[in-house]
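A.B. asks: Okay, handing you the structure first.
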Amino acid sequence: MGILNVTPDSFSDGGRFDRLDAALRHAEAMCGAGADIIDIGGESTRPGAVPVSEAEELQRVVPVIEALHSRLEVEISIDTSKPGVMRAAVEAGAGLVNDVNALRAPGAAEMVAALGVPVCLMHMQGEPRTMQQSPRYDDVVTEVRDFLLARAESCMAAGIPRDHIWLDPGFGFGKTLAHNLALLRSLPTLCETGFPVLVGISRKSMIGMLTGREVADRVAGSLAAAVLALEGGARILRVHDVAETRDALRVWEAVRSIGGPPERV
Ligand code: 7PJ
């Protein structure tokens, strides 16, 4: 899953892709580099970000979805928490909803059920504006898993089929570095639920903390994390650097496909 931010303030692309033309070229490049899904977001969720209105979000994402849908075969995902944006995005050609709020907004689960599209439910403690101030857990792995399973249950009760639900531990969303590392190491615990698991770690601050590097120089660190996520059972990787992640995936798949337990040489 390649990330396409159409926000003027998103932390990694810094607003470079907020114009339609540039957004389309970037999406095309990611498809050429091997992205299966393009995730389009019109509201920044980075720590400290302030919410945008529905009208503003629609204005940012709908033209991009329409243009992408008419030009490319690729699956389009809408990164939003607002039911109205979900509906407009699916009408414009999106085939997947990615919600960092796990469909907790009133009417969101019912909207996804009615639209008939799959959804990625992400864990977040708190809200983007304040979530990094003092994240606390007794047992982060159990709490994140239980939250996601409870959200999946209530989405199914609202009419979303089980096989339309993906889970995501939400790296960096109300988590310290220690919490993020514990979640990555214990990813199999989440994968054992049977739901496909999506991981978004690409260029995040946890990579910055571990490597001491600025956002643009976090590719190598992000690839290491991506391979660890695959090894832990992740099925979808949400990334900025599609070509590099494809290469890492090829290497991981080749070693995995010979089967059997690890060999001693
Ligand atoms: C995530 C996301 C993530 C899912 C963002 C960034 C911050 N959606 N949207 N998972 N992160 N599902 O791109 O670094 O981790 S926005």
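Going by the structure tokens order, chains are called A, B, ..., each with residues numbered from 1, while ligands are numbered from 1 in the order shown.
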Fewer than 2 positions away in the same chain doesn't count, so skip those; otherwise give me all residues within 10 Å of stretch 250-264 of chain A, counting only C-alpha atoms, as a ChimeraX atom specification.
C.D. replies: /A:227-228,230-231,245-248
A.B. asks: Hey, can you spit out that residue selection with all heavy atoms as a JSON list (two decimals), in the first residue's frame?
C.D. replies:
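Now in again.json:
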```json
[["chain", "number", "residue", "atom", "x", "y", "z"],
["A", 227, "VAL", "N", 10.48, -5.78, 7.01],
["A", 227, "VAL", "CA", 10.79, -7.21, 6.96],
["A", 227, "VAL", "C", 10.41, -7.89, 8.28],
["A", 227, "VAL", "O", 9.86, -8.99, 8.28],
["A", 227, "VAL", "CB", 12.29, -7.44, 6.61],
["A", 227, "VAL", "CG1", 12.67, -8.90, 6.76],
["A", 227, "VAL", "CG2", 12.57, -6.95, 5.19],
["A", 228, "LEU", "N", 10.67, -7.21, 9.38],
["A", 228, "LEU", "CA", 10.26, -7.77, 10.68],
["A", 228, "LEU", "C", 8.75, -7.92, 10.75],
["A", 228, "LEU", "O", 8.23, -8.89, 11.31],
["A", 228, "LEU", "CB", 10.77, -6.88, 11.82],
["A", 228, "LEU", "CG", 12.28, -6.93, 12.02],
["A", 228, "LEU", "CD1", 12.75, -5.78, 12.90],
["A", 228, "LEU", "CD2", 12.69, -8.27, 12.63],
["A", 230, "LEU", "N", 6.73, -8.43, 8.17],
["A", 230, "LEU", "CA", 6.38, -9.59, 7.33],
["A", 230, "LEU", "C", 6.64, -10.88, 8.09],
["A", 230, "LEU", "O", 5.81, -11.80, 8.09],
["A", 230, "LEU", "CB", 7.22, -9.58, 6.05],
["A", 230, "LEU", "CG", 6.91, -8.47, 5.04],
["A", 230, "LEU", "CD1", 8.00, -8.43, 3.98],
["A", 230, "LEU", "CD2", 5.54, -8.69, 4.42],
["A", 231, "GLU", "N", 7.79, -10.94, 8.72],
["A", 231, "GLU", "CA", 8.17, -12.14, 9.47],
["A", 231, "GLU", "C", 7.17, -12.40, 10.61],
["A", 231, "GLU", "O", 6.91, -13.54, 10.97],
["A", 231, "GLU", "CB", 9.59, -11.94, 10.01],
["A", 231, "GLU", "CG", 10.31, -13.18, 10.45],
["A", 231, "GLU", "CD", 10.55, -14.20, 9.34],
["A", 231, "GLU", "OE1", 10.60, -13.83, 8.15],
["A", 231, "GLU", "OE2", 10.68, -15.38, 9.69],
["A", 245, "THR", "N", 10.55, -1.18, -0.84],
["A", 245, "THR", "CA", 9.83, -2.18, -0.03],
["A", 245, "THR", "C", 9.55, -3.43, -0.87],
["A", 245, "THR", "O", 9.63, -4.56, -0.36],
["A", 245, "THR", "CB", 8.51, -1.58, 0.52],
["A", 245, "THR", "OG1", 8.82, -0.37, 1.20],
["A", 245, "THR", "CG2", 7.84, -2.55, 1.48],
["A", 246, "ARG", "N", 9.25, -3.24, -2.16],
["A", 246, "ARG", "CA", 9.06, -4.40, -3.07],
["A", 246, "ARG", "C", 10.33, -5.27, -3.11],
["A", 246, "ARG", "O", 10.25, -6.50, -3.08],
["A", 246, "ARG", "CB", 8.75, -3.91, -4.49],
["A", 246, "ARG", "CG", 7.29, -3.82, -4.78],
["A", 246, "ARG", "CD", 6.67, -5.21, -4.99],
["A", 246, "ARG", "NE", 5.23, -5.10, -5.03],
["A", 246, "ARG", "CZ", 4.39, -6.07, -4.70],
["A", 246, "ARG", "NH1", 4.84, -7.24, -4.28],
["A", 246, "ARG", "NH2", 3.10, -5.90, -4.75],
["A", 247, "ASP", "N", 11.48, -4.63, -3.21],
["A", 247, "ASP", "CA", 12.75, -5.38, -3.23],
["A", 247, "ASP", "C", 12.91, -6.18, -1.94],
["A", 247, "ASP", "O", 13.26, -7.37, -1.96],
["A", 247, "ASP", "CB", 13.95, -4.44, -3.38],
["A", 247, "ASP", "CG", 14.15, -3.99, -4.82],
["A", 247, "ASP", "OD1", 13.35, -4.39, -5.69],
["A", 247, "ASP", "OD2", 15.12, -3.24, -5.06],
["A", 248, "ALA", "N", 12.67, -5.54, -0.81],
["A", 248, "ALA", "CA", 12.80, -6.23, 0.48],
["A", 248, "ALA", "C", 11.83, -7.40, 0.54],
["A", 248, "ALA", "O", 12.18, -8.50, 1.01],
["A", 248, "ALA", "CB", 12.53, -5.24, 1.63]]
```
A.B. asks: List the neighbours of stretch 113-120 of chain A out to 9 Å using only C-alpha atoms; skip same-chain residues closer than 5 positions along the sequence, and give me the result as a PDB file with N, CA and C atoms, in the first residue's frame.
C.D. replies:
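So the final result, stored in around.pdb, reads:
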```pdb
ATOM      1  N   SER A  77      -7.648   3.254  -1.633  1.00  0.00           N
ATOM      2  CA  SER A  77      -8.084   3.235  -0.247  1.00  0.00           C
ATOM      3  C   SER A  77      -8.265   4.673   0.217  1.00  0.00           C
ATOM      4  N   MET A  86     -16.193   8.826   3.548  1.00  0.00           N
ATOM      5  CA  MET A  86     -16.171   7.419   3.111  1.00  0.00           C
ATOM      6  C   MET A  86     -17.125   7.222   1.922  1.00  0.00           C
ATOM      7  N   ARG A  87     -18.338   7.752   2.058  1.00  0.00           N
ATOM      8  CA  ARG A  87     -19.331   7.559   1.002  1.00  0.00           C
ATOM      9  C   ARG A  87     -18.900   8.237  -0.295  1.00  0.00           C
ATOM     10  N   VAL A  90     -15.964   6.355  -1.952  1.00  0.00           N
ATOM     11  CA  VAL A  90     -16.341   5.092  -2.602  1.00  0.00           C
ATOM     12  C   VAL A  90     -17.121   5.392  -3.886  1.00  0.00           C
ATOM     13  N   GLU A  91     -17.994   6.394  -3.838  1.00  0.00           N
ATOM     14  CA  GLU A  91     -18.713   6.785  -5.062  1.00  0.00           C
ATOM     15  C   GLU A  91     -17.749   7.252  -6.144  1.00  0.00           C
ATOM     16  N   ALA A  94     -13.085   4.680  -4.756  1.00  0.00           N
ATOM     17  CA  ALA A  94     -12.312   3.971  -3.732  1.00  0.00           C
ATOM     18  C   ALA A  94     -12.974   2.621  -3.432  1.00  0.00           C
ATOM     19  N   GLY A  95     -12.150   1.628  -3.107  1.00  0.00           N
ATOM     20  CA  GLY A  95     -12.680   0.293  -2.846  1.00  0.00           C
ATOM     21  C   GLY A  95     -12.331  -0.225  -1.470  1.00  0.00           C
ATOM     22  N   LEU A  96     -11.798   0.646  -0.629  1.00  0.00           N
ATOM     23  CA  LEU A  96     -11.349   0.240   0.702  1.00  0.00           C
ATOM     24  C   LEU A  96     -11.349   1.464   1.614  1.00  0.00           C
ATOM     25  N   VAL A  97     -11.785   1.265   2.865  1.00  0.00           N
ATOM     26  CA  VAL A  97     -11.743   2.353   3.850  1.00  0.00           C
ATOM     27  C   VAL A  97     -10.636   2.051   4.862  1.00  0.00           C
ATOM     28  N   ASN A  98      -9.787   3.051   5.111  1.00  0.00           N
ATOM     29  CA  ASN A  98      -8.716   2.934   6.099  1.00  0.00           C
ATOM     30  C   ASN A  98      -8.981   3.967   7.180  1.00  0.00           C
ATOM     31  N   ASP A  99      -9.373   3.503   8.377  1.00  0.00           N
ATOM     32  CA  ASP A  99      -9.780   4.449   9.421  1.00  0.00           C
ATOM     33  C   ASP A  99      -8.898   4.332  10.663  1.00  0.00           C
ATOM     34  N   VAL A 100      -8.098   5.368  10.915  1.00  0.00           N
ATOM     35  CA  VAL A 100      -7.243   5.385  12.110  1.00  0.00           C
ATOM     36  C   VAL A 100      -8.082   5.441  13.386  1.00  0.00           C
ATOM     37  N   ALA A 102     -10.824   3.527  13.686  1.00  0.00           N
ATOM     38  CA  ALA A 102     -11.475   2.217  13.769  1.00  0.00           C
ATOM     39  C   ALA A 102     -13.007   2.276  13.734  1.00  0.00           C
ATOM     40  N   LEU A 103     -13.542   3.180  12.913  1.00  0.00           N
ATOM     41  CA  LEU A 103     -14.993   3.322  12.721  1.00  0.00           C
ATOM     42  C   LEU A 103     -15.746   3.637  14.011  1.00  0.00           C
ATOM     43  N   ALA A 108     -20.258   5.487  11.296  1.00  0.00           N
ATOM     44  CA  ALA A 108     -19.168   5.064  10.402  1.00  0.00           C
ATOM     45  C   ALA A 108     -19.253   3.568  10.081  1.00  0.00           C
ATOM     46  N   CYS A 155     -18.206  -3.911  14.603  1.00  0.00           N
ATOM     47  CA  CYS A 155     -18.380  -3.693  13.155  1.00  0.00           C
ATOM     48  C   CYS A 155     -19.184  -4.833  12.525  1.00  0.00           C
ATOM     49  N   MET A 156     -18.922  -6.047  12.972  1.00  0.00           N
ATOM     50  CA  MET A 156     -19.686  -7.187  12.441  1.00  0.00           C
ATOM     51  C   MET A 156     -21.155  -7.071  12.861  1.00  0.00           C
ATOM     52  N   ALA A 158     -22.683  -4.393  13.182  1.00  0.00           N
ATOM     53  CA  ALA A 158     -23.264  -3.335  12.347  1.00  0.00           C
ATOM     54  C   ALA A 158     -23.453  -3.800  10.902  1.00  0.00           C
ATOM     55  N   GLY A 159     -23.018  -5.031  10.597  1.00  0.00           N
ATOM     56  CA  GLY A 159     -23.285  -5.575   9.265  1.00  0.00           C
ATOM     57  C   GLY A 159     -22.077  -5.710   8.353  1.00  0.00           C
ATOM     58  N   ILE A 160     -20.881  -5.447   8.857  1.00  0.00           N
ATOM     59  CA  ILE A 160     -19.675  -5.621   8.028  1.00  0.00           C
ATOM     60  C   ILE A 160     -19.253  -7.092   8.117  1.00  0.00           C
ATOM     61  N   PRO A 161     -19.094  -7.771   6.966  1.00  0.00           N
ATOM     62  CA  PRO A 161     -18.711  -9.181   7.032  1.00  0.00           C
ATOM     63  C   PRO A 161     -17.298  -9.361   7.589  1.00  0.00           C
ATOM     64  N   ASP A 163     -14.880 -11.153   6.649  1.00  0.00           N
ATOM     65  CA  ASP A 163     -13.784 -11.146   5.668  1.00  0.00           C
ATOM     66  C   ASP A 163     -13.578  -9.779   5.001  1.00  0.00           C
ATOM     67  N   HIS A 164     -14.250  -8.761   5.527  1.00  0.00           N
ATOM     68  CA  HIS A 164     -14.003  -7.391   5.063  1.00  0.00           C
ATOM     69  C   HIS A 164     -13.207  -6.592   6.090  1.00  0.00           C
ATOM     70  N   ILE A 165     -12.713  -7.271   7.133  1.00  0.00           N
ATOM     71  CA  ILE A 165     -12.069  -6.544   8.230  1.00  0.00           C
ATOM     72  C   ILE A 165     -10.573  -6.844   8.321  1.00  0.00           C
ATOM     73  N   TRP A 166      -9.762  -5.773   8.317  1.00  0.00           N
ATOM     74  CA  TRP A 166      -8.326  -5.869   8.563  1.00  0.00           C
ATOM     75  C   TRP A 166      -8.035  -5.152   9.883  1.00  0.00           C
ATOM     76  N   LEU A 167      -6.981  -5.574  10.546  1.00  0.00           N
ATOM     77  CA  LEU A 167      -6.583  -4.930  11.809  1.00  0.00           C
ATOM     78  C   LEU A 167      -5.197  -4.308  11.679  1.00  0.00           C
ATOM     79  N   ASP A 168      -4.964  -3.263  12.505  1.00  0.00           N
ATOM     80  CA  ASP A 168      -3.689  -2.528  12.455  1.00  0.00           C
ATOM     81  C   ASP A 168      -3.374  -2.007  13.862  1.00  0.00           C
ATOM     82  N   VAL A 197      -3.515  -8.474   8.891  1.00  0.00           N
ATOM     83  CA  VAL A 197      -2.943  -7.369   9.658  1.00  0.00           C
ATOM     84  C   VAL A 197      -2.160  -6.432   8.737  1.00  0.00           C
ATOM     85  N   LEU A 198      -2.475  -5.131   8.859  1.00  0.00           N
ATOM     86  CA  LEU A 198      -1.763  -4.081   8.128  1.00  0.00           C
ATOM     87  C   LEU A 198      -0.788  -3.401   9.079  1.00  0.00           C
TER      88      LEU A 198
END
```
A.B. asks: Pick out the residues no farther than 10 Å from ligand 1, counting only C-alpha atoms and all ligand atoms, and list them as number ranges by chain.
C.D. replies: A: 1-5, 10-13, 39-41, 43-47, 77-80, 97-102, 119-124, 128, 166-173, 197-205, 215, 236-240
A.B. asks: One number please: atom CA of A:Met111 to atom CA of A:Pro83, in Å, one decimal.
C.D. replies: 6.1 Å
A.B. asks: Which of stretch 131-248 of chain A counts as strand (DSSP E or B) under DSSP, as number ranges by chain please?
C.D. replies: A: 165-168, 197-199, 236-237, 239
A.B. asks: How would the residues just picked look written out with all heavy atoms as a compact mmCIF listing (two decimals), in the first residue's frame?
C.D. replies:
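Below is the file that was written, selection.txt:
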```txt
# COMPACT_ATOMS: atom_id res chain seq x y z
N ILE A 165 -12.71 -7.27 7.13
CA ILE A 165 -12.07 -6.54 8.23
C ILE A 165 -10.57 -6.84 8.32
O ILE A 165 -10.17 -8.00 8.35
CB ILE A 165 -12.77 -6.88 9.57
CG1 ILE A 165 -14.23 -6.39 9.53
CG2 ILE A 165 -12.02 -6.26 10.75
CD1 ILE A 165 -15.05 -6.78 10.75
N TRP A 166 -9.76 -5.77 8.32
CA TRP A 166 -8.33 -5.87 8.56
C TRP A 166 -8.04 -5.15 9.88
O TRP A 166 -8.75 -4.23 10.26
CB TRP A 166 -7.51 -5.15 7.48
CG TRP A 166 -7.75 -5.57 6.07
CD1 TRP A 166 -8.57 -6.57 5.63
CD2 TRP A 166 -7.17 -4.98 4.90
NE1 TRP A 166 -8.52 -6.63 4.25
CE2 TRP A 166 -7.67 -5.67 3.78
CE3 TRP A 166 -6.27 -3.92 4.69
CZ2 TRP A 166 -7.31 -5.34 2.48
CZ3 TRP A 166 -5.91 -3.60 3.39
CH2 TRP A 166 -6.42 -4.31 2.31
N LEU A 167 -6.98 -5.57 10.55
CA LEU A 167 -6.58 -4.93 11.81
C LEU A 167 -5.20 -4.31 11.68
O LEU A 167 -4.36 -4.77 10.90
CB LEU A 167 -6.59 -5.95 12.95
CG LEU A 167 -7.89 -6.73 13.18
CD1 LEU A 167 -7.74 -7.65 14.39
CD2 LEU A 167 -9.09 -5.79 13.38
N ASP A 168 -4.96 -3.26 12.51
CA ASP A 168 -3.69 -2.53 12.46
C ASP A 168 -3.37 -2.01 13.86
O ASP A 168 -4.19 -1.28 14.44
CB ASP A 168 -3.86 -1.37 11.46
CG ASP A 168 -2.63 -0.48 11.34
OD1 ASP A 168 -1.70 -0.60 12.16
OD2 ASP A 168 -2.61 0.35 10.41
N VAL A 197 -3.52 -8.47 8.89
CA VAL A 197 -2.94 -7.37 9.66
C VAL A 197 -2.16 -6.43 8.74
O VAL A 197 -1.34 -6.88 7.94
CB VAL A 197 -2.05 -7.91 10.80
CG1 VAL A 197 -1.23 -6.78 11.44
CG2 VAL A 197 -2.91 -8.59 11.86
N LEU A 198 -2.48 -5.13 8.86
CA LEU A 198 -1.76 -4.08 8.13
C LEU A 198 -0.79 -3.40 9.08
O LEU A 198 -1.13 -3.16 10.24
CB LEU A 198 -2.76 -3.07 7.57
CG LEU A 198 -2.24 -1.89 6.73
CD1 LEU A 198 -3.29 -1.47 5.71
CD2 LEU A 198 -1.81 -0.70 7.56
N VAL A 199 0.41 -3.10 8.58
CA VAL A 199 1.40 -2.41 9.40
C VAL A 199 1.86 -1.13 8.69
O VAL A 199 2.22 -1.16 7.52
CB VAL A 199 2.61 -3.34 9.69
CG1 VAL A 199 3.82 -2.54 10.14
CG2 VAL A 199 2.23 -4.37 10.75
N ILE A 236 -0.25 -6.63 4.84
CA ILE A 236 -0.24 -5.41 4.05
C ILE A 236 0.73 -4.43 4.72
O ILE A 236 0.68 -4.23 5.93
CB ILE A 236 -1.65 -4.74 4.00
CG1 ILE A 236 -2.70 -5.73 3.50
CG2 ILE A 236 -1.65 -3.50 3.10
CD1 ILE A 236 -3.53 -6.38 4.59
N LEU A 237 1.61 -3.83 3.91
CA LEU A 237 2.55 -2.83 4.42
C LEU A 237 2.18 -1.48 3.83
O LEU A 237 2.10 -1.33 2.61
CB LEU A 237 3.98 -3.18 4.02
CG LEU A 237 4.52 -4.53 4.50
CD1 LEU A 237 5.90 -4.79 3.88
CD2 LEU A 237 4.61 -4.58 6.02
N VAL A 239 3.36 2.05 3.05
CA VAL A 239 4.71 2.62 2.94
C VAL A 239 4.79 3.83 2.02
O VAL A 239 3.96 4.01 1.12
CB VAL A 239 5.72 1.55 2.42
CG1 VAL A 239 5.72 0.32 3.32
CG2 VAL A 239 5.45 1.16 0.99
```
A.B. asks: Give the answer as one residue: which of A:Ala234, A:Ala49, A:Leu58, A:Ile65 has the shortest atom-to-atom distance to A:Glu127, using only C-alpha atoms?
C.D. replies: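 Closest residue, counting only C-alpha atoms: A:Ala49.
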A.B. asks: Tell me, in Å to one decimal, how far atom CA of A:Ser70 is from atom CA of A:Asp21.
C.D. replies: 14.0 Å
A.B. asks: Quick one: everything within 12 Å of A:Arg185, counting only C-alpha atoms, minus sequence neighbours fewer than 2 positions away in the same chain. Send it as JSON, numbers by chain.
C.D. replies: {"A": [140, 141, 169, 178, 179, 180, 181, 182, 183, 187, 188, 189, 190, 191, 225, 226, 227, 228, 229, 230, 231, 232, 233, 234]}
A.B. asks: Taking the chain letters and numbering used in this document, name the residues of stretch 35-250 of chain A that DSSP puts in alpha helix (DSSP H), as a VMD selection string.
C.D. replies: chain A and resid 54 to 71 83 to 92 108 to 115 140 to 157 177 to 185 187 to 191 205 to 211 219 to 231 242 to 250
A.B. asks: Residues within 9 Å of A:Ala33, please, as a list in words. Count only C-alpha atoms; anything in the same chain fewer than 6 positions from it doesn't count.
C.D. replies: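 Residues near the query, excluding close chain neighbours: Asp241, Val242, Ala243, Glu244 and Arg246 of chain A.
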